[in-house]
file final.txt (compact mmCIF, C-alpha atoms)
# COMPACT_ATOMS: atom_id res chain seq x y z
CA MET W 1 63.24 121.49 134.08
CA SER W 2 60.15 122.29 132.03
CA GLY W 3 61.38 119.93 129.31
CA LEU W 4 61.75 117.14 131.83
CA ARG W 5 58.27 117.76 133.23
CA GLU W 6 56.79 117.67 129.73
CA ARG W 7 58.55 114.38 128.99
CA GLN W 8 57.31 112.90 132.26
CA LYS W 9 53.79 114.10 131.52
CA ALA W 10 53.91 112.59 128.02
CA ASP W 11 55.24 109.32 129.46
CA ARG W 12 52.39 109.12 132.00
CA HIS W 13 49.86 109.94 129.31
CA ARG W 14 51.22 107.20 127.04
CA ARG W 15 51.24 104.64 129.87
CA ILE W 16 47.60 105.43 130.64
CA ILE W 17 46.62 105.08 126.96
CA ASP W 18 48.55 101.81 126.58
CA ALA W 19 47.04 100.35 129.76
CA ALA W 20 43.51 101.42 128.82
CA THR W 21 43.86 100.06 125.28
CA LEU W 22 44.91 96.66 126.63
CA LEU W 23 42.21 96.58 129.32
CA PHE W 24 39.43 97.72 126.97
CA ARG W 25 40.39 94.85 124.65
CA GLU W 26 40.59 92.27 127.43
CA ALA W 27 37.68 93.27 129.68
CA GLY W 28 35.56 95.28 127.26
CA TYR W 29 34.79 98.97 127.67
CA GLU W 30 32.05 98.44 130.25
CA GLY W 31 34.13 95.94 132.22
CA ALA W 32 37.24 98.13 132.40
CA LYS W 33 37.71 99.99 135.70
CA ILE W 34 39.60 103.25 136.14
CA GLU W 35 41.44 101.87 139.18
CA VAL W 36 42.70 98.90 137.16
CA ILE W 37 43.85 101.19 134.34
CA ALA W 38 45.72 103.27 136.95
CA ALA W 39 47.35 100.19 138.47
CA GLN W 40 48.49 98.84 135.11
CA ALA W 41 49.76 102.27 134.05
CA GLU W 42 51.57 102.62 137.41
CA VAL W 43 49.94 105.96 138.15
CA SER W 44 47.48 107.09 140.80
CA ILE W 45 43.76 107.31 140.13
CA GLY W 46 44.08 111.06 140.77
CA THR W 47 46.65 111.31 137.98
CA ILE W 48 44.20 109.78 135.54
CA TYR W 49 41.53 112.29 136.55
CA ASN W 50 44.06 115.09 136.02
CA TYR W 51 44.10 114.08 132.35
CA TYR W 52 40.59 112.75 131.77
CA GLN W 53 37.16 113.44 133.24
CA ASN W 54 35.91 109.90 132.70
CA LYS W 55 36.49 106.61 130.93
CA GLY W 56 34.89 107.93 127.75
CA ASP W 57 37.55 110.62 127.52
CA ILE W 58 40.24 107.93 127.64
CA LEU W 59 38.52 106.10 124.79
CA GLY W 60 38.34 109.39 122.90
CA ALA W 61 42.09 109.85 123.32
CA ILE W 62 42.69 106.39 121.85
CA VAL W 63 40.43 107.20 118.87
CA ALA W 64 42.34 110.46 118.36
CA LEU W 65 45.66 108.61 118.47
CA GLU W 66 44.39 106.15 115.85
CA VAL W 67 43.04 108.80 113.50
CA ASN W 68 45.96 111.21 113.85
CA GLU W 69 48.42 108.46 112.95
CA VAL W 70 46.56 107.66 109.73
CA LEU W 71 46.25 111.36 108.90
CA ASN W 72 50.01 111.73 109.26
CA ALA W 73 50.58 108.72 107.01
CA GLY W 74 48.03 109.99 104.50
CA ARG W 75 49.82 113.31 104.00
CA GLY W 76 52.51 111.57 101.98
CA VAL W 77 49.92 110.08 99.64
CA VAL W 78 48.28 113.48 99.10
CA ALA W 79 51.64 115.14 98.43
CA SER W 80 52.78 112.49 95.94
CA PRO W 81 49.86 110.31 94.87
CA PRO W 82 49.94 107.42 92.40
CA ALA W 83 49.07 108.69 88.93
CA ASP W 84 46.16 106.26 88.60
CA VAL W 85 43.02 107.64 90.31
CA GLY W 86 41.85 104.25 91.57
CA ASP W 87 45.28 103.42 92.95
CA ALA W 88 45.54 106.81 94.66
CA LEU W 89 42.18 106.37 96.42
CA ASP W 90 42.93 102.76 97.28
CA THR W 91 46.30 103.72 98.77
CA LEU W 92 44.85 106.46 101.00
CA ILE W 93 41.77 104.51 102.07
CA GLY W 94 43.96 101.45 102.59
CA ILE W 95 46.00 103.40 105.16
CA TYR W 96 42.80 104.28 107.02
CA ILE W 97 41.33 100.77 106.98
CA GLU W 98 44.49 98.74 107.60
CA HIS W 99 45.33 100.88 110.64
CA SER W 100 41.79 100.94 112.04
CA LEU W 101 42.24 98.05 114.48
CA ASN W 102 45.77 98.87 115.62
CA TYR W 103 44.59 100.38 118.90
CA LEU W 104 40.83 99.89 118.92
CA SER W 105 38.91 96.65 118.81
CA LYS W 106 35.56 96.53 117.04
CA GLU W 107 33.84 96.67 120.44
CA MET W 108 35.78 99.85 121.25
CA TRP W 109 34.79 101.40 117.92
CA ARG W 110 31.14 100.54 118.56
CA GLN W 111 31.32 102.20 121.96
CA ALA W 112 32.99 105.31 120.54
CA MET W 113 30.38 105.59 117.80
CA ALA W 114 27.58 105.16 120.35
CA ILE W 115 28.95 107.91 122.60
CA SER W 116 29.42 110.31 119.68
CA THR W 117 25.85 109.64 118.53
CA GLN W 118 24.22 109.84 121.95
CA LEU W 119 26.22 112.87 123.11
CA PRO W 120 27.08 114.83 119.95
CA ASP W 121 27.57 118.12 121.84
CA SER W 122 29.85 116.64 124.50
CA PRO W 123 33.62 117.17 124.26
CA PHE W 124 33.89 113.55 123.10
CA GLY W 125 31.19 114.01 120.45
CA GLN W 126 32.71 117.23 119.16
CA ALA W 127 36.20 115.71 119.03
CA TYR W 128 34.91 112.64 117.18
CA THR W 129 33.15 114.86 114.63
CA ALA W 130 36.32 116.92 114.18
CA LEU W 131 38.33 113.75 113.44
CA ASP W 132 35.78 112.67 110.82
CA ARG W 133 36.01 116.15 109.32
CA ALA W 134 39.81 115.91 109.16
CA LEU W 135 39.60 112.61 107.29
CA THR W 136 37.07 114.12 104.88
CA GLU W 137 39.35 117.11 104.28
CA GLN W 138 42.29 114.82 103.52
CA ILE W 139 40.29 112.91 100.90
CA ARG W 140 39.14 116.23 99.43
CA ALA W 141 42.79 117.34 99.32
CA LEU W 142 43.71 114.16 97.45
CA ILE W 143 41.02 114.79 94.83
CA ALA W 144 42.26 118.37 94.44
CA ARG W 145 45.83 117.11 93.99
CA LEU W 146 44.69 114.61 91.36
CA GLN W 147 42.95 117.46 89.55
CA GLU W 148 46.17 119.48 89.68
CA ILE W 149 48.18 116.71 88.03
CA GLY W 150 45.50 116.24 85.39
CA VAL W 151 44.15 112.76 86.10
CA VAL W 152 40.79 113.88 87.55
CA ARG W 153 38.49 116.07 85.49
CA ALA W 154 38.80 119.76 86.30
CA ASP W 155 35.09 120.39 85.77
CA ILE W 156 33.86 118.13 88.57
CA ASP W 157 33.08 119.35 92.10
CA GLY W 158 36.18 117.98 93.82
CA PRO W 159 35.16 118.78 97.41
CA ALA W 160 31.78 117.09 96.90
CA VAL W 161 33.50 114.01 95.44
CA GLY W 162 35.78 113.87 98.48
CA GLU W 163 32.81 114.06 100.81
CA LEU W 164 31.01 111.33 98.86
CA ILE W 165 34.03 109.02 99.07
CA PHE W 166 34.40 109.58 102.82
CA ASN W 167 30.70 109.16 103.55
CA ASN W 168 30.55 105.90 101.63
CA MET W 169 33.72 104.58 103.28
CA ASN W 170 32.44 105.61 106.71
CA MET W 171 29.11 103.85 106.27
CA MET W 172 30.86 100.69 105.12
CA PHE W 173 33.25 100.91 108.07
CA ILE W 174 30.29 101.20 110.46
CA GLU W 175 28.81 98.03 108.96
CA PHE W 176 32.24 96.38 109.28
CA VAL W 177 32.57 97.08 113.01
CA LYS W 178 29.03 95.86 113.65
CA ARG W 179 30.03 92.33 112.67
CA ASP W 180 32.88 90.66 114.55
CA GLU W 181 33.33 88.10 111.78
CA ALA W 182 33.87 90.75 109.05
CA LYS W 183 37.46 90.92 107.80
CA ILE W 184 39.53 93.87 106.61
CA PRO W 185 40.28 92.38 103.14
CA GLU W 186 36.52 92.01 102.56
CA LEU W 187 35.93 95.63 103.55
CA ARG W 188 38.69 96.91 101.30
CA ALA W 189 37.41 94.87 98.36
CA ALA W 190 33.87 96.22 98.85
CA ILE W 191 35.08 99.84 99.03
CA ARG W 192 37.29 99.31 95.99
CA ARG W 193 34.37 97.84 94.02
CA GLN W 194 32.10 100.81 94.78
CA ASN W 195 34.82 103.40 94.18
CA ARG W 196 35.50 101.88 90.76
CA ILE W 197 32.21 103.32 89.49
CA LEU W 198 33.13 106.79 90.77
CA VAL W 199 36.67 106.59 89.39
CA ALA W 200 35.30 105.85 85.93
CA ALA W 201 33.12 108.96 86.15
CA ILE W 202 35.74 111.44 87.36
CA GLY W 203 38.88 110.25 85.58
CA VAL W 204 40.28 112.02 82.53
call {"tool": "encode", "arguments": {"input": "final.txt", "output": "structure tokens"}}
result
Amino acid sequence: MSGLRERQKADRHRRIIDAATLLFREAGYEGAKIEVIAAQAEVSIGTIYNYYQNKGDILGAIVALEVNEVLNAGRGVVASPPADVGDALDTLIGIYIEHSLNYLSKEMWRQAMAISTQLPDSPFGQAYTALDRALTEQIRALIARLQEIGVVRADIDGPAVGELIFNNMNMMFIEFVKRDEAKIPELRAAIRRQNRILVAAIGV
């Protein structure tokens, strides 16, 4: 019975996330109403509040879904990276960027960034920071793996390089979501161009 209850709970949770994702895209975050999300998810309003305190928490769950999926995909790259440093970074960052609009629109990303900035100590803000930290740690792990296989210099500060790569990518992603006309291929090309300088400095 407990297994059935868990499956039902997971199904309700997924229906809420799917309904909210669609409504946030169609009506915008501010225009989306909890009661409409509940109706489209075929759950009661009370059920939504059993899972989430407010609309921001639902958005946070969508962000977490997005980031956790790319982290899962990125583990394979870290475990068995391309031997070329530039290709390895491009493959991992490509997973992050190409997946970034699967669930969230640019407007949703802007809202999530605003909440995390305005309320950094809130559960949402802390969760958002933790997701950024997890992405940073994965890039650091990739640099460490490239050092292990001998294609990145052993004498460089690998963790600092990983942080630098994430911070640069993150800033460029923020600029990307600010502009609705900006395209993913343009973003990837810009990140690749800037990383090329770093790759030349850290490669063996």
call {"tool": "residues_around", "arguments": {"input": "final.txt", "residues": "stretch 41-58 of chain W", "least_positions_apart": "2", "cutoff": "12 Å", "atoms": "only C-alpha atoms", "output": "PyMOL selection string"}}
result
chain W and resi 8-24+28-39+60-65+104+108-109+111-116+119+122-128
call {"tool": "write_last_selection", "arguments": {"input": "final.txt", "atoms": "C-alpha atoms", "output": "PDB file, in the frame of the given file"}}
result
ATOM      1  CA  GLN W   8      57.310 112.900 132.260  1.00  0.00           C
ATOM      2  CA  LYS W   9      53.790 114.100 131.520  1.00  0.00           C
ATOM      3  CA  ALA W  10      53.910 112.590 128.020  1.00  0.00           C
ATOM      4  CA  ASP W  11      55.240 109.320 129.460  1.00  0.00           C
ATOM      5  CA  ARG W  12      52.390 109.120 132.000  1.00  0.00           C
ATOM      6  CA  HIS W  13      49.860 109.940 129.310  1.00  0.00           C
ATOM      7  CA  ARG W  14      51.220 107.200 127.040  1.00  0.00           C
ATOM      8  CA  ARG W  15      51.240 104.640 129.870  1.00  0.00           C
ATOM      9  CA  ILE W  16      47.600 105.430 130.640  1.00  0.00           C
ATOM     10  CA  ILE W  17      46.620 105.080 126.960  1.00  0.00           C
ATOM     11  CA  ASP W  18      48.550 101.810 126.580  1.00  0.00           C
ATOM     12  CA  ALA W  19      47.040 100.350 129.760  1.00  0.00           C
ATOM     13  CA  ALA W  20      43.510 101.420 128.820  1.00  0.00           C
ATOM     14  CA  THR W  21      43.860 100.060 125.280  1.00  0.00           C
ATOM     15  CA  LEU W  22      44.910  96.660 126.630  1.00  0.00           C
ATOM     16  CA  LEU W  23      42.210  96.580 129.320  1.00  0.00           C
ATOM     17  CA  PHE W  24      39.430  97.720 126.970  1.00  0.00           C
ATOM     18  CA  GLY W  28      35.560  95.280 127.260  1.00  0.00           C
ATOM     19  CA  TYR W  29      34.790  98.970 127.670  1.00  0.00           C
ATOM     20  CA  GLU W  30      32.050  98.440 130.250  1.00  0.00           C
ATOM     21  CA  GLY W  31      34.130  95.940 132.220  1.00  0.00           C
ATOM     22  CA  ALA W  32      37.240  98.130 132.400  1.00  0.00           C
ATOM     23  CA  LYS W  33      37.710  99.990 135.700  1.00  0.00           C
ATOM     24  CA  ILE W  34      39.600 103.250 136.140  1.00  0.00           C
ATOM     25  CA  GLU W  35      41.440 101.870 139.180  1.00  0.00           C
ATOM     26  CA  VAL W  36      42.700  98.900 137.160  1.00  0.00           C
ATOM     27  CA  ILE W  37      43.850 101.190 134.340  1.00  0.00           C
ATOM     28  CA  ALA W  38      45.720 103.270 136.950  1.00  0.00           C
ATOM     29  CA  ALA W  39      47.350 100.190 138.470  1.00  0.00           C
ATOM     30  CA  GLY W  60      38.340 109.390 122.900  1.00  0.00           C
ATOM     31  CA  ALA W  61      42.090 109.850 123.320  1.00  0.00           C
ATOM     32  CA  ILE W  62      42.690 106.390 121.850  1.00  0.00           C
ATOM     33  CA  VAL W  63      40.430 107.200 118.870  1.00  0.00           C
ATOM     34  CA  ALA W  64      42.340 110.460 118.360  1.00  0.00           C
ATOM     35  CA  LEU W  65      45.660 108.610 118.470  1.00  0.00           C
ATOM     36  CA  LEU W 104      40.830  99.890 118.920  1.00  0.00           C
ATOM     37  CA  MET W 108      35.780  99.850 121.250  1.00  0.00           C
ATOM     38  CA  TRP W 109      34.790 101.400 117.920  1.00  0.00           C
ATOM     39  CA  GLN W 111      31.320 102.200 121.960  1.00  0.00           C
ATOM     40  CA  ALA W 112      32.990 105.310 120.540  1.00  0.00           C
ATOM     41  CA  MET W 113      30.380 105.590 117.800  1.00  0.00           C
ATOM     42  CA  ALA W 114      27.580 105.160 120.350  1.00  0.00           C
ATOM     43  CA  ILE W 115      28.950 107.910 122.600  1.00  0.00           C
ATOM     44  CA  SER W 116      29.420 110.310 119.680  1.00  0.00           C
ATOM     45  CA  LEU W 119      26.220 112.870 123.110  1.00  0.00           C
ATOM     46  CA  SER W 122      29.850 116.640 124.500  1.00  0.00           C
ATOM     47  CA  PRO W 123      33.620 117.170 124.260  1.00  0.00           C
ATOM     48  CA  PHE W 124      33.890 113.550 123.100  1.00  0.00           C
ATOM     49  CA  GLY W 125      31.190 114.010 120.450  1.00  0.00           C
ATOM     50  CA  GLN W 126      32.710 117.230 119.160  1.00  0.00           C
ATOM     51  CA  ALA W 127      36.200 115.710 119.030  1.00  0.00           C
ATOM     52  CA  TYR W 128      34.910 112.640 117.180  1.00  0.00           C
TER      53      TYR W 128
END
call {"tool": "closest_atom_pairs", "arguments": {"input": "final.txt", "of": "stretch 81-160 of chain W", "to": "stretch 168-171 of chain W", "cutoff": "10 Å", "atoms": "only C-alpha atoms", "output": "CSV"}}
result
residue,atom,partner,partner_atom,distance
W:Ile93,CA,W:Met169,CA,8.1
W:Tyr96,CA,W:Met169,CA,9.8
W:Ile97,CA,W:Met169,CA,9.3
W:Asp132,CA,W:Asn170,CA,8.8
W:Thr136,CA,W:Asn170,CA,9.9
call {"tool": "closest_residue", "arguments": {"input": "final.txt", "among": "W:Leu101, W:Ile143, W:Ala160, W:Ala130", "to": "W:Phe176", "atoms": "all atoms listed in the file"}}
result
W:Leu101
call {"tool": "residues_near_point", "arguments": {"input": "final.txt", "point": "(50.9, 107.6, 104.4)", "cutoff": "12 Å", "atoms": "all atoms listed in the file", "output": "ChimeraX atom specification"}}
result
/W:68-81,88-96,98-99,138,142
call {"tool": "atom_distance", "arguments": {"input": "final.txt", "atom1": "atom CA of W:Arg192", "atom2": "atom CA of W:Val161"}}
result
15.2 Å
call {"tool": "closest_residue", "arguments": {"input": "final.txt", "among": "W:Arg7, W:Glu26, W:Ile202, W:Asp87", "to": "W:Asp155", "atoms": "all atoms listed in the file"}}
result
W:Ile202
call {"tool": "closest_residue", "arguments": {"input": "final.txt", "among": "W:Leu59, W:Ala189, W:Val67, W:Val85", "to": "W:Leu146", "atoms": "only C-alpha atoms"}}
result
W:Val85
call {"tool": "atom_distance", "arguments": {"input": "final.txt", "atom1": "atom CA of W:Phe173", "atom2": "atom CA of W:Pro120"}}
result
19.3 Å
call {"tool": "atom_distance", "arguments": {"input": "final.txt", "atom1": "atom CA of W:Arg140", "atom2": "atom CA of W:Pro159"}}
result
5.1 Å
call {"tool": "closest_residue", "arguments": {"input": "final.txt", "among": "W:Asn102, W:Gly3, W:Arg179, W:Thr117", "to": "W:Thr129", "atoms": "only C-alpha atoms"}}
result
W:Thr117
call {"tool": "closest_residue", "arguments": {"input": "final.txt", "among": "W:Val204, W:Lys183, W:Lys178, W:Asn195", "to": "W:Ile156", "atoms": "only C-alpha atoms"}}
result
W:Val204
call {"tool": "residues_around", "arguments": {"input": "final.txt", "residues": "W:Ala154", "least_positions_apart": "4", "cutoff": "9 Å", "atoms": "all atoms listed in the file", "output": "count of residues only"}}
result
7
call {"tool": "decode", "arguments": {"input": "final.txt", "residues": "stretch 46-59 of chain W", "atoms": "N, CA, C and O atoms", "output": "mmCIF file, in the first residue's frame"}}
result
data_model
loop_
_atom_site.group_PDB
_atom_site.id
_atom_site.type_symbol
_atom_site.label_atom_id
_atom_site.label_comp_id
_atom_site.auth_asym_id
_atom_site.auth_seq_id
_atom_site.Cartn_x
_atom_site.Cartn_y
_atom_site.Cartn_z
ATOM 1 N N GLY W 46 -6.104 22.594 -2.249
ATOM 2 C CA GLY W 46 -5.508 22.122 -0.998
ATOM 3 C C GLY W 46 -4.354 21.168 -1.240
ATOM 4 O O GLY W 46 -3.346 21.192 -0.500
ATOM 5 N N THR W 47 -4.492 20.325 -2.275
ATOM 6 C CA THR W 47 -3.410 19.388 -2.598
ATOM 7 C C THR W 47 -2.147 20.138 -2.995
ATOM 8 O O THR W 47 -1.039 19.778 -2.590
ATOM 9 N N ILE W 48 -2.321 21.199 -3.781
ATOM 10 C CA ILE W 48 -1.150 21.988 -4.175
ATOM 11 C C ILE W 48 -0.464 22.561 -2.937
ATOM 12 O O ILE W 48 0.756 22.505 -2.801
ATOM 13 N N TYR W 49 -1.274 23.092 -2.009
ATOM 14 C CA TYR W 49 -0.673 23.689 -0.810
ATOM 15 C C TYR W 49 -0.112 22.633 0.146
ATOM 16 O O TYR W 49 0.652 22.972 1.048
ATOM 17 N N ASN W 50 -0.457 21.369 -0.045
ATOM 18 C CA ASN W 50 0.197 20.301 0.709
ATOM 19 C C ASN W 50 1.648 20.127 0.258
ATOM 20 O O ASN W 50 2.513 19.704 1.033
ATOM 21 N N TYR W 51 1.893 20.441 -1.030
ATOM 22 C CA TYR W 51 3.229 20.280 -1.599
ATOM 23 C C TYR W 51 4.038 21.573 -1.564
ATOM 24 O O TYR W 51 5.264 21.543 -1.384
ATOM 25 N N TYR W 52 3.369 22.696 -1.787
ATOM 26 C CA TYR W 52 4.074 23.966 -1.972
ATOM 27 C C TYR W 52 3.413 25.068 -1.149
ATOM 28 O O TYR W 52 2.189 25.134 -1.074
ATOM 29 N N GLN W 53 4.229 25.960 -0.594
ATOM 30 C CA GLN W 53 3.684 27.057 0.196
ATOM 31 C C GLN W 53 3.114 28.162 -0.689
ATOM 32 O O GLN W 53 2.156 28.841 -0.311
ATOM 33 N N ASN W 54 3.697 28.333 -1.874
ATOM 34 C CA ASN W 54 3.271 29.416 -2.745
ATOM 35 C C ASN W 54 3.692 29.111 -4.182
ATOM 36 O O ASN W 54 4.334 28.083 -4.458
ATOM 37 N N LYS W 55 3.372 30.034 -5.069
ATOM 38 C CA LYS W 55 3.675 29.864 -6.485
ATOM 39 C C LYS W 55 5.180 29.827 -6.736
ATOM 40 O O LYS W 55 5.663 29.118 -7.628
ATOM 41 N N GLY W 56 5.927 30.608 -5.949
ATOM 42 C CA GLY W 56 7.382 30.605 -6.090
ATOM 43 C C GLY W 56 7.987 29.242 -5.826
ATOM 44 O O GLY W 56 8.958 28.840 -6.482
ATOM 45 N N ASP W 57 7.411 28.505 -4.877
ATOM 46 C CA ASP W 57 7.914 27.161 -4.585
ATOM 47 C C ASP W 57 7.692 26.221 -5.766
ATOM 48 O O ASP W 57 8.505 25.327 -6.024
ATOM 49 N N ILE W 58 6.588 26.418 -6.488
ATOM 50 C CA ILE W 58 6.339 25.597 -7.684
ATOM 51 C C ILE W 58 7.392 25.914 -8.738
ATOM 52 O O ILE W 58 7.962 25.001 -9.361
ATOM 53 N N LEU W 59 7.666 27.194 -8.934
ATOM 54 C CA LEU W 59 8.708 27.587 -9.882
ATOM 55 C C LEU W 59 10.047 26.991 -9.463
ATOM 56 O O LEU W 59 10.808 26.495 -10.307
#
